[in-house]
$ cat model_6.pdb   # PDB, C-alpha atoms and all ligand atoms
ATOM      1  CA  MET A  15      80.398  89.982 103.159
ATOM      2  CA  ASP A  16      79.345  87.235 105.550
ATOM      3  CA  PRO A  17      82.550  85.344 106.429
ATOM      4  CA  GLN A  18      80.650  82.067 106.100
ATOM      5  CA  ASP A  19      80.248  82.861 102.366
ATOM      6  CA  LEU A  20      84.041  82.651 101.961
ATOM      7  CA  ILE A  21      83.882  79.063 103.166
ATOM      8  CA  SER A  22      80.748  78.194 101.172
ATOM      9  CA  GLU A  23      82.326  79.526  97.977
ATOM     10  CA  ALA A  24      85.452  77.426  98.506
ATOM     11  CA  ARG A  25      83.299  74.334  99.104
ATOM     12  CA  ALA A  26      81.270  75.095  95.969
ATOM     13  CA  ARG A  27      84.570  75.004  94.059
ATOM     14  CA  GLN A  28      85.355  71.570  95.589
ATOM     15  CA  ARG A  29      88.246  73.031  97.555
ATOM     16  CA  SER A  30      89.386  71.284 100.726
ATOM     17  CA  ALA A  31      91.217  74.383 101.949
ATOM     18  CA  LEU A  32      90.904  78.159 101.708
ATOM     19  CA  ASP A  33      93.575  79.715  99.540
ATOM     20  CA  GLU A  34      95.747  82.416 101.109
ATOM     21  CA  PRO A  35      93.820  85.450  99.768
ATOM     22  CA  THR A  36      90.526  83.945 100.994
ATOM     23  CA  GLY A  37      92.054  82.940 104.332
ATOM     24  CA  LYS A  38      93.230  86.504 104.822
ATOM     25  CA  LYS A  39      89.747  87.842 104.023
ATOM     26  CA  LEU A  40      88.426  85.539 106.737
ATOM     27  CA  LEU A  41      91.009  86.869 109.207
ATOM     28  CA  ALA A  42      90.195  90.466 108.269
ATOM     29  CA  ALA A  43      86.490  89.763 108.856
ATOM     30  CA  TYR A  44      87.434  88.938 112.457
ATOM     31  CA  GLY A  45      89.497  92.108 112.860
ATOM     32  CA  ILE A  46      92.923  90.510 112.487
ATOM     33  CA  ALA A  47      95.390  92.726 110.614
ATOM     34  CA  VAL A  48      96.619  91.377 107.264
ATOM     35  CA  PRO A  49      98.805  93.145 104.677
ATOM     36  CA  ARG A  50      97.135  95.263 102.008
ATOM     37  CA  SER A  51      97.172  93.144  98.866
ATOM     38  CA  ILE A  52      95.973  92.522  95.342
ATOM     39  CA  VAL A  53      95.742  89.344  93.280
ATOM     40  CA  VAL A  54      96.816  89.309  89.634
ATOM     41  CA  ALA A  55      96.519  86.553  87.034
ATOM     42  CA  GLY A  56      99.953  87.203  85.584
ATOM     43  CA  ALA A  57     102.758  89.680  84.951
ATOM     44  CA  GLY A  58     100.648  91.670  82.482
ATOM     45  CA  GLU A  59      98.313  92.950  85.207
ATOM     46  CA  VAL A  60     101.017  94.193  87.557
ATOM     47  CA  ASP A  61     101.534  97.684  86.192
ATOM     48  CA  ARG A  62      97.868  98.654  86.561
ATOM     49  CA  ALA A  63      97.536  97.215  90.058
ATOM     50  CA  PHE A  64     100.896  98.091  91.581
ATOM     51  CA  GLY A  65     100.067 101.749  92.232
ATOM     52  CA  THR A  66      97.537 100.877  94.933
ATOM     53  CA  LEU A  67     100.259  99.319  97.131
ATOM     54  CA  LYS A  68     103.090 100.862  99.084
ATOM     55  CA  PRO A  69     106.415  99.187  98.218
ATOM     56  CA  PRO A  70     108.355  97.162  99.156
ATOM     57  CA  VAL A  71     106.016  94.267  98.412
ATOM     58  CA  VAL A  72     105.992  90.474  98.518
ATOM     59  CA  VAL A  73     104.873  88.203  95.662
ATOM     60  CA  LYS A  74     103.413  84.776  96.378
ATOM     61  CA  ILE A  75     102.045  82.091  94.168
ATOM     62  CA  VAL A  76      98.411  81.132  94.738
ATOM     63  CA  SER A  77      97.922  77.449  93.953
ATOM     64  CA  PRO A  78      95.868  74.680  95.546
ATOM     65  CA  ASP A  79      98.735  72.311  94.687
ATOM     66  CA  ILE A  80     101.458  74.242  96.526
ATOM     67  CA  LEU A  81     101.249  74.139 100.313
ATOM     68  CA  HIS A  82     104.734  75.332 101.181
ATOM     69  CA  LYS A  83     105.215  78.238  98.858
ATOM     70  CA  SER A  84     108.819  79.032  99.864
ATOM     71  CA  ASP A  85     109.924  75.444  99.234
ATOM     72  CA  ALA A  86     108.513  75.715  95.709
ATOM     73  CA  GLY A  87     110.215  79.052  95.017
ATOM     74  CA  GLY A  88     106.805  80.687  95.275
ATOM     75  CA  VAL A  89     107.609  83.562  97.667
ATOM     76  CA  LYS A  90     109.783  86.602  96.992
ATOM     77  CA  VAL A  91     110.022  89.410  99.516
ATOM     78  CA  ASN A  92     111.225  93.002  99.424
ATOM     79  CA  LEU A  93     110.405  93.908  95.803
ATOM     80  CA  LYS A  94     110.559  97.618  95.144
ATOM     81  CA  SER A  95     109.084  98.229  91.698
ATOM     82  CA  ALA A  96     106.427  96.951  89.311
ATOM     83  CA  ALA A  97     109.216  95.849  86.951
ATOM     84  CA  GLU A  98     110.785  93.703  89.697
ATOM     85  CA  VAL A  99     107.411  92.148  90.458
ATOM     86  CA  GLU A 100     106.812  91.356  86.778
ATOM     87  CA  GLU A 101     110.201  89.680  86.515
ATOM     88  CA  VAL A 102     109.586  87.588  89.614
ATOM     89  CA  ILE A 103     106.177  86.417  88.382
ATOM     90  CA  ALA A 104     107.604  85.485  84.976
ATOM     91  CA  ALA A 105     110.395  83.504  86.670
ATOM     92  CA  MET A 106     107.958  81.741  89.046
ATOM     93  CA  MET A 107     105.773  80.660  86.136
ATOM     94  CA  LYS A 108     108.801  79.031  84.501
ATOM     95  CA  SER A 109     110.088  77.209  87.593
ATOM     96  CA  PRO A 110     109.721  73.403  87.522
ATOM     97  CA  ALA A 111     107.867  73.229  90.861
ATOM     98  CA  VAL A 112     105.230  75.581  89.503
ATOM     99  CA  ALA A 113     105.015  74.207  85.963
ATOM    100  CA  ASN A 114     102.969  71.188  87.054
ATOM    101  CA  ALA A 115     100.693  73.021  89.474
ATOM    102  CA  ARG A 116      97.323  74.665  88.967
ATOM    103  CA  VAL A 117      97.983  78.388  89.353
ATOM    104  CA  ASP A 118      95.101  80.607  90.460
ATOM    105  CA  GLY A 119      97.180  83.779  90.372
ATOM    106  CA  PHE A 120      99.762  85.758  92.275
ATOM    107  CA  LEU A 121      99.236  87.573  95.541
ATOM    108  CA  ILE A 122     101.096  90.877  95.763
ATOM    109  CA  GLU A 123     101.118  92.318  99.268
ATOM    110  CA  GLU A 124     102.800  94.968 101.355
ATOM    111  CA  MET A 125     105.601  94.000 103.739
ATOM    112  CA  ALA A 126     104.606  93.858 107.404
ATOM    113  CA  PRO A 127     106.608  96.041 109.804
ATOM    114  CA  ALA A 128     109.654  94.151 111.121
ATOM    115  CA  GLY A 129     109.149  92.149 114.282
ATOM    116  CA  GLN A 130     109.163  88.729 115.907
ATOM    117  CA  GLU A 131     107.538  85.922 113.919
ATOM    118  CA  ILE A 132     105.072  83.841 115.900
ATOM    119  CA  VAL A 133     102.617  81.127 114.911
ATOM    120  CA  VAL A 134      98.949  80.999 115.822
ATOM    121  CA  GLY A 135      97.057  77.847 114.970
ATOM    122  CA  GLY A 136      93.813  76.023 115.392
ATOM    123  CA  LEU A 137      92.763  72.412 115.366
ATOM    124  CA  ARG A 138      89.442  70.645 115.657
ATOM    125  CA  ASP A 139      89.602  67.843 118.175
ATOM    126  CA  PRO A 140      86.915  65.165 117.720
ATOM    127  CA  GLN A 141      86.334  65.129 121.475
ATOM    128  CA  PHE A 142      87.013  68.690 122.659
ATOM    129  CA  GLY A 143      86.096  70.724 119.579
ATOM    130  CA  PRO A 144      88.264  73.678 118.530
ATOM    131  CA  LEU A 145      91.687  74.128 120.135
ATOM    132  CA  VAL A 146      93.855  77.216 119.730
ATOM    133  CA  MET A 147      97.640  77.146 119.679
ATOM    134  CA  VAL A 148     100.477  79.660 119.883
ATOM    135  CA  GLY A 149     104.226  79.276 119.374
ATOM    136  CA  LEU A 150     107.231  81.432 118.701
ATOM    137  CA  GLY A 151     107.749  80.560 115.039
ATOM    138  CA  GLY A 152     110.694  79.110 113.127
ATOM    139  CA  VAL A 153     112.906  76.734 115.078
ATOM    140  CA  PHE A 154     110.877  77.230 118.252
ATOM    141  CA  VAL A 155     107.895  75.535 116.654
ATOM    142  CA  GLU A 156     109.560  73.219 114.148
ATOM    143  CA  VAL A 157     112.534  71.942 116.155
ATOM    144  CA  LEU A 158     111.729  72.586 119.807
ATOM    145  CA  ALA A 159     107.931  72.125 119.592
ATOM    146  CA  ASP A 160     107.638  75.003 122.053
ATOM    147  CA  VAL A 161     103.896  75.606 121.710
ATOM    148  CA  SER A 162     100.927  75.921 124.012
ATOM    149  CA  PHE A 163      97.342  74.825 123.447
ATOM    150  CA  ARG A 164      93.961  75.588 124.991
ATOM    151  CA  ILE A 165      90.417  74.399 124.386
ATOM    152  CA  CYS A 166      88.217  77.173 122.912
ATOM    153  CA  PRO A 167      86.750  79.519 123.844
ATOM    154  CA  ILE A 168      89.670  81.099 125.703
ATOM    155  CA  SER A 169      89.613  84.160 127.963
ATOM    156  CA  ARG A 170      92.200  86.969 127.849
ATOM    157  CA  LEU A 171      93.779  85.477 130.946
ATOM    158  CA  ASP A 172      94.074  82.104 129.163
ATOM    159  CA  ALA A 173      95.724  83.849 126.216
ATOM    160  CA  GLN A 174      98.195  85.637 128.495
ATOM    161  CA  GLU A 175      99.023  82.352 130.250
ATOM    162  CA  MET A 176      99.561  80.621 126.909
ATOM    163  CA  LEU A 177     102.370  83.106 126.241
ATOM    164  CA  THR A 178     103.896  82.871 129.728
ATOM    165  CA  GLU A 179     103.934  79.088 129.376
ATOM    166  CA  LEU A 180     106.237  79.144 126.331
ATOM    167  CA  LYS A 181     109.803  78.158 127.198
ATOM    168  CA  GLY A 182     111.084  80.828 124.828
ATOM    169  CA  ALA A 183     108.751  83.526 126.185
ATOM    170  CA  ALA A 184     111.727  85.780 126.981
ATOM    171  CA  ILE A 185     112.107  86.319 123.212
ATOM    172  CA  LEU A 186     108.969  88.458 123.420
ATOM    173  CA  ASP A 187     110.711  90.802 125.848
ATOM    174  CA  GLY A 188     113.343  91.702 123.261
ATOM    175  CA  VAL A 189     116.524  90.055 122.080
ATOM    176  CA  ARG A 190     119.964  91.653 121.878
ATOM    177  CA  GLY A 191     118.766  95.064 122.885
ATOM    178  CA  GLY A 192     115.699  94.905 120.642
ATOM    179  CA  LYS A 193     112.366  96.319 121.741
ATOM    180  CA  PRO A 194     109.878  94.036 123.453
ATOM    181  CA  VAL A 195     107.033  92.996 121.165
ATOM    182  CA  SER A 196     103.444  93.726 122.098
ATOM    183  CA  ARG A 197     102.057  90.801 124.104
ATOM    184  CA  ASN A 198      98.757  92.616 124.035
ATOM    185  CA  ALA A 199      98.706  92.451 120.241
ATOM    186  CA  ILE A 200      99.296  88.676 120.398
ATOM    187  CA  VAL A 201      96.561  88.255 123.004
ATOM    188  CA  ASP A 202      94.198  90.213 120.724
ATOM    189  CA  VAL A 203      94.932  87.838 117.836
ATOM    190  CA  LEU A 204      94.469  84.780 120.071
ATOM    191  CA  MET A 205      91.083  86.125 121.222
ATOM    192  CA  LYS A 206      89.930  86.851 117.679
ATOM    193  CA  VAL A 207      90.910  83.322 116.685
ATOM    194  CA  GLY A 208      90.046  81.315 119.803
ATOM    195  CA  GLY A 209      87.849  83.503 121.999
ATOM    196  CA  ASP A 210      84.103  83.454 122.472
ATOM    197  CA  GLY A 211      82.614  84.529 119.121
ATOM    198  CA  GLY A 212      86.081  84.146 117.569
ATOM    199  CA  LEU A 213      86.814  82.576 114.228
ATOM    200  CA  LEU A 214      87.294  78.976 115.402
ATOM    201  CA  MET A 215      84.104  78.968 117.505
ATOM    202  CA  GLN A 216      82.018  80.601 114.760
ATOM    203  CA  HIS A 217      83.203  78.160 112.094
ATOM    204  CA  SER A 218      83.805  75.078 114.207
ATOM    205  CA  ALA A 219      81.831  72.873 111.804
ATOM    206  CA  ASP A 220      83.987  73.932 108.853
ATOM    207  CA  ILE A 221      87.541  74.485 110.040
ATOM    208  CA  GLN A 222      89.621  71.389 110.570
ATOM    209  CA  GLU A 223      92.923  73.211 110.873
ATOM    210  CA  ALA A 224      94.071  76.829 110.941
ATOM    211  CA  ASP A 225      97.632  77.996 110.463
ATOM    212  CA  LEU A 226      98.651  81.651 110.742
ATOM    213  CA  ASN A 227     102.329  81.123 110.101
ATOM    214  CA  PRO A 228     103.778  83.595 110.619
ATOM    215  CA  VAL A 229     102.104  86.439 112.436
ATOM    216  CA  ILE A 230     104.702  89.233 112.598
ATOM    217  CA  VAL A 231     104.562  91.082 115.915
ATOM    218  CA  SER A 232     106.242  94.429 116.494
ATOM    219  CA  ASP A 233     106.179  96.668 119.547
ATOM    220  CA  THR A 234     102.884  98.139 118.375
ATOM    221  CA  GLY A 235     100.892  95.477 116.546
ATOM    222  CA  ALA A 236     100.588  92.074 114.913
ATOM    223  CA  VAL A 237     100.052  91.287 111.218
ATOM    224  CA  ALA A 238      99.173  87.819 109.887
ATOM    225  CA  VAL A 239     101.276  87.445 106.720
ATOM    226  CA  ASP A 240     100.336  83.842 105.903
ATOM    227  CA  ALA A 241      97.034  82.065 106.417
ATOM    228  CA  ARG A 242      95.926  78.555 105.690
ATOM    229  CA  PHE A 243      92.614  76.965 106.616
ATOM    230  CA  ILE A 244      91.879  73.301 105.988
ATOM    231  CA  LEU A 245      88.180  72.538 105.813
ATOM    232  CA  THR A 246      86.422  69.616 107.468
ATOM    233  CA  ASP A 247      85.055  66.804 105.304
ATOM    234  CA  SER A 248      81.408  67.374 104.663
TER     235      SER A 248
HETATM  236  P1  LIG B   1     105.098  79.675 103.064
HETATM  237  O1  LIG B   1     104.911  79.434 104.525
HETATM  238  O2  LIG B   1     104.003  79.036 102.259
HETATM  239  O3  LIG B   1     106.445  79.273 102.574
HETATM  240  P2  LIG B   1     104.743  82.529 103.680
HETATM  241  O4  LIG B   1     103.573  83.261 103.127
HETATM  242  O5  LIG B   1     104.702  82.186 105.122
HETATM  243  O6  LIG B   1     104.976  81.245 102.763
HETATM  244  O7  LIG B   1     106.041  83.390 103.368
HETATM  245  C1  LIG B   1     107.329  82.898 103.707
HETATM  246  C2  LIG B   1     108.057  83.890 104.605
HETATM  247  O8  LIG B   1     108.183  85.152 103.950
HETATM  248  C3  LIG B   1     107.324  84.217 105.899
HETATM  249  O9  LIG B   1     107.606  83.266 106.900
HETATM  250  C4  LIG B   1     107.849  85.583 106.243
HETATM  251  O10 LIG B   1     109.128  85.495 106.876
HETATM  252  C5  LIG B   1     108.050  86.213 104.885
HETATM  253  N1  LIG B   1     106.876  87.016 104.503
HETATM  254  C6  LIG B   1     105.803  86.587 103.807
HETATM  255  N2  LIG B   1     104.906  87.574 103.625
HETATM  256  C7  LIG B   1     105.415  88.675 104.235
HETATM  257  C8  LIG B   1     104.959  90.033 104.412
HETATM  258  N3  LIG B   1     103.797  90.465 103.914
HETATM  259  N4  LIG B   1     105.754  90.875 105.107
HETATM  260  C9  LIG B   1     106.940  90.465 105.602
HETATM  261  N5  LIG B   1     107.424  89.213 105.465
HETATM  262  C10 LIG B   1     106.673  88.315 104.790
HETATM  263 MG    MG B   2     104.029  80.461 106.037
END
$ encode --input "model_6.pdb" --output "structure tokens" --more "lines below"
Ligand code: ADP
Ligand code: MG
Amino acid sequence: MDPQDLISEARARQRSALDEPTGKKLLAAYGIAVPRSIVVAGAGEVDRAFGTLKPPVVVKIVSPDILHKSDAGGVKVNLKSAAEVEEVIAAMMKSPAVANARVDGFLIEEMAPAGQEIVVGGLRDPQFGPLVMVGLGGVFVEVLADVSFRICPISRLDAQEMLTELKGAAILDGVRGGKPVSRNAIVDVLMKVGGDGGLLMQHSADIQEADLNPVIVSDTGAVAVDARFILTDS
């Protein structure tokens, strides 16, 4: 499928953003690893679909009205059986934060290998065009604003420098005896997002904001476990 069709379909449905399953299809089209997943309409479809995934899994609500899924009780990680998943979906549907929202379905996806959570983002500047951003996730981004930006398209050297520039960069080399995470895997993601022919350059007319939060990076690879794309007005 042409990745541009993902955006056109969302626009045809009057959506101002890509939902998470669609955002992840867009990432996958650019070679960025995302968890294997299925989308179900409700608890009744879980049993049939569950067998295609390798537990443990995560369940997430898919709703255009819920931006921060965790805050709304719309994310549950580490579920080990179809029965657990069914229970979680039933409970989510009953929760007050969800009751008033339009619900498109539930995303069930495999857990990413453990690692360091980072954030990769994109922004369309009216003057400079697409910018790409990287940060170390969690408090590093939210409290310390430890992020670095470049104008697209970036080179591999730019991507490497973006990481070196982070005040918390030492986290990538391993904390408390942990293994270093793969900087190369992060650079690969940054190139696929912000490089020449990357996602932001190819869709610069359509993408106002991109948020891969988090990308989970281990010593061998990087998996984008959340994806949000806000579309430009058109
Ligand atoms: P939101 O940001 O909307 O609250 P996320 O999709 O980012 O929801 O999920 C919340 C958190 O759950 C993530 O920051 C991550 O720590 C964890 N998580 C989500 N999906 C996965 C996954 N597939 N594998 C491992 N952890 C996950
Ligand atoms: Mg998130």
$ residues_near_ligand --input "model_6.pdb" --ligand "ligand MG 2 (chain B)" --cutoff "6 Å" --atoms "only C-alpha atoms and all ligand atoms" --output "list in words"
Asn227, Pro228 and Asp240 of chain A
$ residues_near_ligand --input "model_6.pdb" --ligand "ligand LIG 1 (chain B)" --cutoff "6 Å" --atoms "all atoms listed in the file" --output "compact mmCIF listing (two decimals) with C-alpha atoms, keeping the file's coordinate frame"
# COMPACT_ATOMS: atom_id res chain seq x y z
CA PRO A 49 98.80 93.14 104.68
CA VAL A 72 105.99 90.47 98.52
CA LEU A 81 101.25 74.14 100.31
CA HIS A 82 104.73 75.33 101.18
CA LYS A 83 105.22 78.24 98.86
CA SER A 84 108.82 79.03 99.86
CA VAL A 89 107.61 83.56 97.67
CA GLU A 123 101.12 92.32 99.27
CA GLU A 124 102.80 94.97 101.36
CA MET A 125 105.60 94.00 103.74
CA ALA A 126 104.61 93.86 107.40
CA ASN A 227 102.33 81.12 110.10
CA PRO A 228 103.78 83.60 110.62
CA VAL A 239 101.28 87.44 106.72
CA ASP A 240 100.34 83.84 105.90
$ residues_around --input "model_6.pdb" --residues "Asp79 (chain A)" --least-positions-apart "4" --cutoff "12 Å" --atoms "all atoms listed in the file" --output "list in words"
Arg29, Ser30, Ala31, Asp33, Ile75, Lys83, Ala86, Gly88, Ala111, Val112, Ala113, Asn114, Ala115, Arg116, Val117 and Asp118 of chain A
$ resolve_selection --input "model_6.pdb" --expression "the PyMOL selection byres (((chain A and resi 209-224) around 10) and not hetatm)" --output "number ranges by chain"
A: 17-18, 21-22, 25, 30-32, 37, 40-41, 43-45, 134-140, 143-147, 165-170, 172-173, 201-208, 225-227, 241-248
$ residues_around --input "model_6.pdb" --residues "region 90-95 of chain A" --least-positions-apart "5" --cutoff "7 Å" --atoms "all atoms listed in the file" --output "list in words"
Pro69, Pro70, Val71, Val72, Val73 and Lys74 of chain A
$ closest_residue --input "model_6.pdb" --among "A:Val157, A:Leu150, A:Val189, A:Val237" --to "Met176 (chain A)" --atoms "all atoms listed in the file"
A:Leu150
$ axis_aligned_box --input "model_6.pdb" --around "region 112-119 of chain A" --padding-each-side "6 Å" --output "JSON"
{"center_x": 100.2, "center_y": 77.5, "center_z": 88.2, "size_x": 22.1, "size_y": 24.6, "size_z": 16.5}
$ residues_near_point --input "model_6.pdb" --point "(109.4, 88.8, 115.7)" --cutoff "7 Å" --atoms "all atoms listed in the file" --output "mmCIF file with C-alpha atoms, in the coordinates of the input"
data_model
loop_
_atom_site.group_PDB
_atom_site.id
_atom_site.type_symbol
_atom_site.label_atom_id
_atom_site.label_comp_id
_atom_site.auth_asym_id
_atom_site.auth_seq_id
_atom_site.Cartn_x
_atom_site.Cartn_y
_atom_site.Cartn_z
ATOM 1 C CA GLY A 129 109.149 92.149 114.282
ATOM 2 C CA GLN A 130 109.163 88.729 115.907
ATOM 3 C CA GLU A 131 107.538 85.922 113.919
ATOM 4 C CA ILE A 132 105.072 83.841 115.900
ATOM 5 C CA ILE A 230 104.702 89.233 112.598
ATOM 6 C CA VAL A 231 104.562 91.082 115.915
ATOM 7 C CA SER A 232 106.242 94.429 116.494
#
$ residues_near_point --input "model_6.pdb" --point "(96.5, 98.4, 97.5)" --cutoff "7 Å" --atoms "only C-alpha atoms" --output "list in words"
Arg50, Ser51, Ile52, Thr66 and Leu67 of chain A
$ closest_residue --input "model_6.pdb" --among "A:Glu59, A:Asp160, A:Asp16, A:Glu175" --to "Ala104 (chain A)" --atoms "only C-alpha atoms"
A:Glu59
$ residues_around --input "model_6.pdb" --residues "Val148 (chain A)" --least-positions-apart "5" --cutoff "6 Å" --atoms "only C-alpha atoms" --output "PyMOL selection string"
chain A and resi 133-134+161-162
$ closest_residue --input "model_6.pdb" --among "A:Val153, A:Ala42, A:Ile200, A:Ala24" --to "Val229 (chain A)" --atoms "all atoms listed in the file"
A:Ile200
$ atom_distance --input "model_6.pdb" --atom1 "CA of Val48 (chain A)" --atom2 "CA of Pro127 (chain A)"
11.3 Å
$ closest_residue --input "model_6.pdb" --among "A:Pro194, A:Ala128, A:Thr178, A:Pro78" --to "Gln28 (chain A)" --atoms "all atoms listed in the file"
A:Pro78
$ build_atoms --input "model_6.pdb" --residues "region 17-25 of chain A" --atoms "all heavy atoms" --output "tab-separated table (two decimals), in the coordinates of the input"
chain	number	residue	atom	x	y	z
A	17	PRO	N	81.35	86.20	106.52
A	17	PRO	CA	82.55	85.34	106.43
A	17	PRO	C	82.23	83.89	106.06
A	17	PRO	O	83.03	83.21	105.42
A	17	PRO	CB	83.19	85.45	107.81
A	17	PRO	CG	82.23	86.17	108.69
A	17	PRO	CD	81.26	86.89	107.82
A	18	GLN	N	81.02	83.45	106.44
A	18	GLN	CA	80.65	82.07	106.10
A	18	GLN	C	80.60	81.87	104.58
A	18	GLN	O	80.87	80.78	104.08
A	18	GLN	CB	79.29	81.73	106.73
A	18	GLN	CG	78.87	80.26	106.60
A	18	GLN	CD	79.80	79.28	107.31
A	18	GLN	OE1	80.32	79.56	108.39
A	18	GLN	NE2	80.06	78.13	106.70
A	19	ASP	N	80.29	82.95	103.84
A	19	ASP	CA	80.25	82.86	102.37
A	19	ASP	C	81.61	82.51	101.78
A	19	ASP	O	81.70	81.86	100.73
A	19	ASP	CB	79.78	84.19	101.75
A	19	ASP	CG	78.32	84.48	102.07
A	19	ASP	OD1	77.63	83.55	102.55
A	19	ASP	OD2	77.89	85.63	101.86
A	20	LEU	N	82.70	82.97	102.45
A	20	LEU	CA	84.04	82.65	101.96
A	20	LEU	C	84.24	81.14	101.97
A	20	LEU	O	84.83	80.56	101.05
A	20	LEU	CB	85.09	83.32	102.84
A	20	LEU	CG	85.09	84.86	102.88
A	20	LEU	CD1	85.97	85.37	104.02
A	20	LEU	CD2	85.56	85.43	101.55
A	21	ILE	N	83.74	80.51	103.04
A	21	ILE	CA	83.88	79.06	103.17
A	21	ILE	C	82.96	78.34	102.18
A	21	ILE	O	83.37	77.40	101.50
A	21	ILE	CB	83.59	78.64	104.63
A	21	ILE	CG1	84.70	79.20	105.54
A	21	ILE	CG2	83.47	77.12	104.75
A	21	ILE	CD1	84.42	79.08	107.02
A	22	SER	N	81.71	78.83	102.08
A	22	SER	CA	80.75	78.19	101.17
A	22	SER	C	81.24	78.25	99.72
A	22	SER	O	81.10	77.27	98.97
A	22	SER	CB	79.39	78.88	101.26
A	22	SER	OG	78.99	78.96	102.60
A	23	GLU	N	81.82	79.40	99.35
A	23	GLU	CA	82.33	79.53	97.98
A	23	GLU	C	83.45	78.54	97.70
A	23	GLU	O	83.52	77.95	96.62
A	23	GLU	CB	82.84	80.94	97.73
A	23	GLU	CG	81.74	81.89	97.29
A	23	GLU	CD	82.22	83.35	97.20
A	23	GLU	OE1	83.44	83.59	97.07
A	23	GLU	OE2	81.34	84.23	97.27
A	24	ALA	N	84.35	78.37	98.68
A	24	ALA	CA	85.45	77.43	98.51
A	24	ALA	C	84.89	76.00	98.37
A	24	ALA	O	85.32	75.22	97.52
A	24	ALA	CB	86.41	77.51	99.68
A	25	ARG	N	83.91	75.67	99.19
A	25	ARG	CA	83.30	74.33	99.10
A	25	ARG	C	82.62	74.14	97.75
A	25	ARG	O	82.72	73.07	97.16
A	25	ARG	CB	82.30	74.14	100.24
A	25	ARG	CG	82.93	74.00	101.63
A	25	ARG	CD	82.05	73.10	102.48
A	25	ARG	NE	82.43	73.05	103.88
A	25	ARG	CZ	83.29	72.17	104.39
A	25	ARG	NH1	83.90	71.29	103.61
A	25	ARG	NH2	83.54	72.16	105.69
